[in-house]
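Scroll down for the structure; my scribbles are underneath it.
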Amino acid sequence: LYIMEIGILFMAAGLSSRFGGSPKILCQVGPRKETILEMNIIQMKKYIAPTQIHLICNIKTYEKIVSELKRVCEKHEIDTKITYNIQEHPWGTADALASASGYMDGRFILLNSDDLYGERTFETINLECNNSKNYLIGYKLINTLMNGHKANRGFISTGRDGNIQSICEKLNIEKGYYNESELYNQYVSVNLFILNTDVITEIDKLVIEFKDSYRDDYGLEAMLPDFINKLMRSNKIQLDLLKTDSRWCGVTFKEDIQMVKDILLG
């Protein structure tokens with residue numbers, strides 16, 4: 001089995017305010033009390049050999065998260081470079097990615113720290129990725145909506161050539177809003193990307209402009225889909241859609257933990 005060599009970047013700088021302040025990446029969801037971080041490593045390790053693992057953290061939680069990553073890598077015999085940087089004042093997901101400028105040694109997979117993407121997704125990445133392209137991994141809408149939960153999803157629009165034209169963020173949606181065709185045929189983003197390092201450079205430029213324009217308004221967030229859209233419109237990047245049939249699951253509130261456990265066992 002060919003194993004793909006690529007960097008891994010976890011965005012884990014959020015304050016987890018809706019979760020009580022403890023880092024969601026460390027909550028135990030696996031059948032043997034594995035953390036979300038460990039479950040991500042387990043899901044990918046058959047198909048992905050990390051050339052490095054980088055963590056974007058906040059000052060309050062970075063020591064616990066880095067310690068857990070070292071433990072998990074040792075347990076699963078993953079010998080790789082571990083790096084991290086600390087965001088003092090996070091401005092959203094685009095700012096998180098921009099903060100990794102200078103840390104990534106090459107091409108990388110970008111993941112949210114509180115999400116699980118499914119083993120088959122990493123198999124698809126292994127089998128179908130072109131080493132020079134940027135990708136957004138798209139999930140069927142039905143596979144990203146957990147029962148009884150409202151969610152924000154980036155609806156993906158593509159052109160005839162299959163390239164992504166835009167990501168339209170829709171807020172507080174749920175299954176009941178859509179018919180069966182929409183649920184099974186609309187692909188959405190859950191912030192899982194495969195990117196070359198030049199994308200970080202371009203995002204960093206836009207984030208600097210954003211902060212300069214809104215320096216006194218800390219309530220605004222620099223959301224990654226908005227910045228990716230800007231880069232696509234200006235032809236700074238081309239983003240291909242890579243479809244997965246896997247089910248996504250994630251943790252936002254404490255009560256989500258049992259639901260994720262049930263999904264993993266099912």
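Letters A, B, ... mark the chains of the structure tokens in the order given; residue numbers begin at 1 per chain; ligand numbers begin at 1, in order shown.
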Residues near A:Leu183, cut-off 10 Å, only C-alpha atoms, skip fewer than 6 positions along chain, as a PyMOL selection string
chain A and resi 140-145+175-177
So that I have them on file, write out the residues from the current selection with all heavy atoms, as a PDB file, in the first residue's frame.
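Written file, again15.pdb:
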ATOM      1  N   LYS A 140     -21.071  15.113   1.175  1.00  0.00           N
ATOM      2  CA  LYS A 140     -22.500  15.234   0.928  1.00  0.00           C
ATOM      3  C   LYS A 140     -23.137  15.897   2.148  1.00  0.00           C
ATOM      4  O   LYS A 140     -22.829  15.546   3.291  1.00  0.00           O
ATOM      5  CB  LYS A 140     -23.124  13.863   0.695  1.00  0.00           C
ATOM      6  CG  LYS A 140     -22.672  13.191  -0.590  1.00  0.00           C
ATOM      7  CD  LYS A 140     -23.288  11.805  -0.732  1.00  0.00           C
ATOM      8  CE  LYS A 140     -22.804  11.135  -2.014  1.00  0.00           C
ATOM      9  NZ  LYS A 140     -23.363   9.765  -2.171  1.00  0.00           N
ATOM     10  N   LEU A 141     -24.032  16.834   1.901  1.00  0.00           N
ATOM     11  CA  LEU A 141     -24.662  17.573   2.990  1.00  0.00           C
ATOM     12  C   LEU A 141     -25.247  16.639   4.036  1.00  0.00           C
ATOM     13  O   LEU A 141     -25.079  16.859   5.245  1.00  0.00           O
ATOM     14  CB  LEU A 141     -25.754  18.493   2.422  1.00  0.00           C
ATOM     15  CG  LEU A 141     -26.544  19.332   3.419  1.00  0.00           C
ATOM     16  CD1 LEU A 141     -25.635  20.236   4.238  1.00  0.00           C
ATOM     17  CD2 LEU A 141     -27.608  20.156   2.691  1.00  0.00           C
ATOM     18  N   ILE A 142     -25.899  15.559   3.605  1.00  0.00           N
ATOM     19  CA  ILE A 142     -26.530  14.615   4.534  1.00  0.00           C
ATOM     20  C   ILE A 142     -25.527  14.026   5.512  1.00  0.00           C
ATOM     21  O   ILE A 142     -25.866  13.707   6.656  1.00  0.00           O
ATOM     22  CB  ILE A 142     -27.239  13.471   3.745  1.00  0.00           C
ATOM     23  CG1 ILE A 142     -28.021  12.558   4.687  1.00  0.00           C
ATOM     24  CG2 ILE A 142     -26.255  12.666   2.921  1.00  0.00           C
ATOM     25  CD1 ILE A 142     -29.235  13.167   5.300  1.00  0.00           C
ATOM     26  N   ASN A 143     -24.266  13.910   5.076  1.00  0.00           N
ATOM     27  CA  ASN A 143     -23.243  13.272   5.909  1.00  0.00           C
ATOM     28  C   ASN A 143     -22.560  14.222   6.880  1.00  0.00           C
ATOM     29  O   ASN A 143     -21.629  13.817   7.588  1.00  0.00           O
ATOM     30  CB  ASN A 143     -22.186  12.607   5.020  1.00  0.00           C
ATOM     31  CG  ASN A 143     -22.703  11.374   4.317  1.00  0.00           C
ATOM     32  OD1 ASN A 143     -23.657  10.752   4.766  1.00  0.00           O
ATOM     33  ND2 ASN A 143     -22.078  11.018   3.210  1.00  0.00           N
ATOM     34  N   THR A 144     -23.034  15.470   6.927  1.00  0.00           N
ATOM     35  CA  THR A 144     -22.406  16.442   7.833  1.00  0.00           C
ATOM     36  C   THR A 144     -23.374  17.019   8.862  1.00  0.00           C
ATOM     37  O   THR A 144     -22.975  17.855   9.671  1.00  0.00           O
ATOM     38  CB  THR A 144     -21.796  17.615   7.046  1.00  0.00           C
ATOM     39  OG1 THR A 144     -22.848  18.446   6.516  1.00  0.00           O
ATOM     40  CG2 THR A 144     -20.905  17.132   5.920  1.00  0.00           C
ATOM     41  N   LEU A 145     -24.641  16.608   8.799  1.00  0.00           N
ATOM     42  CA  LEU A 145     -25.633  17.178   9.716  1.00  0.00           C
ATOM     43  C   LEU A 145     -25.997  16.146  10.764  1.00  0.00           C
ATOM     44  O   LEU A 145     -26.589  15.113  10.467  1.00  0.00           O
ATOM     45  CB  LEU A 145     -26.877  17.614   8.936  1.00  0.00           C
ATOM     46  CG  LEU A 145     -26.640  18.734   7.912  1.00  0.00           C
ATOM     47  CD1 LEU A 145     -27.901  19.018   7.117  1.00  0.00           C
ATOM     48  CD2 LEU A 145     -26.150  20.000   8.599  1.00  0.00           C
ATOM     49  N   LYS A 175     -31.227  19.453   8.817  1.00  0.00           N
ATOM     50  CA  LYS A 175     -31.693  18.524   7.790  1.00  0.00           C
ATOM     51  C   LYS A 175     -33.050  18.898   7.219  1.00  0.00           C
ATOM     52  O   LYS A 175     -33.297  18.793   6.015  1.00  0.00           O
ATOM     53  CB  LYS A 175     -31.758  17.102   8.356  1.00  0.00           C
ATOM     54  CG  LYS A 175     -30.420  16.424   8.526  1.00  0.00           C
ATOM     55  CD  LYS A 175     -30.616  14.992   9.032  1.00  0.00           C
ATOM     56  CE  LYS A 175     -29.280  14.313   9.261  1.00  0.00           C
ATOM     57  NZ  LYS A 175     -29.451  12.937   9.785  1.00  0.00           N
ATOM     58  N   GLY A 176     -33.952  19.336   8.083  1.00  0.00           N
ATOM     59  CA  GLY A 176     -35.324  19.606   7.664  1.00  0.00           C
ATOM     60  C   GLY A 176     -35.471  20.725   6.655  1.00  0.00           C
ATOM     61  O   GLY A 176     -36.532  20.869   6.038  1.00  0.00           O
ATOM     62  N   TYR A 177     -34.421  21.506   6.458  1.00  0.00           N
ATOM     63  CA  TYR A 177     -34.491  22.614   5.506  1.00  0.00           C
ATOM     64  C   TYR A 177     -34.360  22.160   4.056  1.00  0.00           C
ATOM     65  O   TYR A 177     -34.609  22.932   3.132  1.00  0.00           O
ATOM     66  CB  TYR A 177     -33.372  23.629   5.780  1.00  0.00           C
ATOM     67  CG  TYR A 177     -33.453  24.370   7.093  1.00  0.00           C
ATOM     68  CD1 TYR A 177     -32.460  25.268   7.468  1.00  0.00           C
ATOM     69  CD2 TYR A 177     -34.518  24.175   7.971  1.00  0.00           C
ATOM     70  CE1 TYR A 177     -32.506  25.964   8.668  1.00  0.00           C
ATOM     71  CE2 TYR A 177     -34.568  24.856   9.180  1.00  0.00           C
ATOM     72  CZ  TYR A 177     -33.571  25.738   9.524  1.00  0.00           C
ATOM     73  OH  TYR A 177     -33.627  26.420  10.706  1.00  0.00           O
TER      74      TYR A 177
END
So which residues of stretch 115-261 of chain A fall under strand (DSSP E or B) by DSSP, listed as a ChimeraX atom specification?
/A:115-116,134-140,151-158,163-173,187-195,239-244,249-250
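Distance check against A:Ile125 using only C-alpha atoms: of A:Ser246, A:Thr80, A:Ser166, A:Asn112, the minimum falls on A:Ser246.
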Set the distance at 8 Å and use only C-alpha atoms: which residues neighbour stretch 188-205 of chain A once local chain neighbours fewer than 4 positions away are removed? I'd like the list as JSON, numbers by chain.
{"A": [94, 95, 97, 98, 99, 100, 101, 104, 105, 106, 107, 108, 109, 110, 111, 112, 132, 133, 134, 135, 136, 137, 138, 139, 140, 141, 144, 153, 154, 155, 156, 167, 209, 227, 228, 231, 236, 237]}
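Across the model, the gap from atom CA of A:Lys150 to atom CA of A:Met39 is 24.0 Å.
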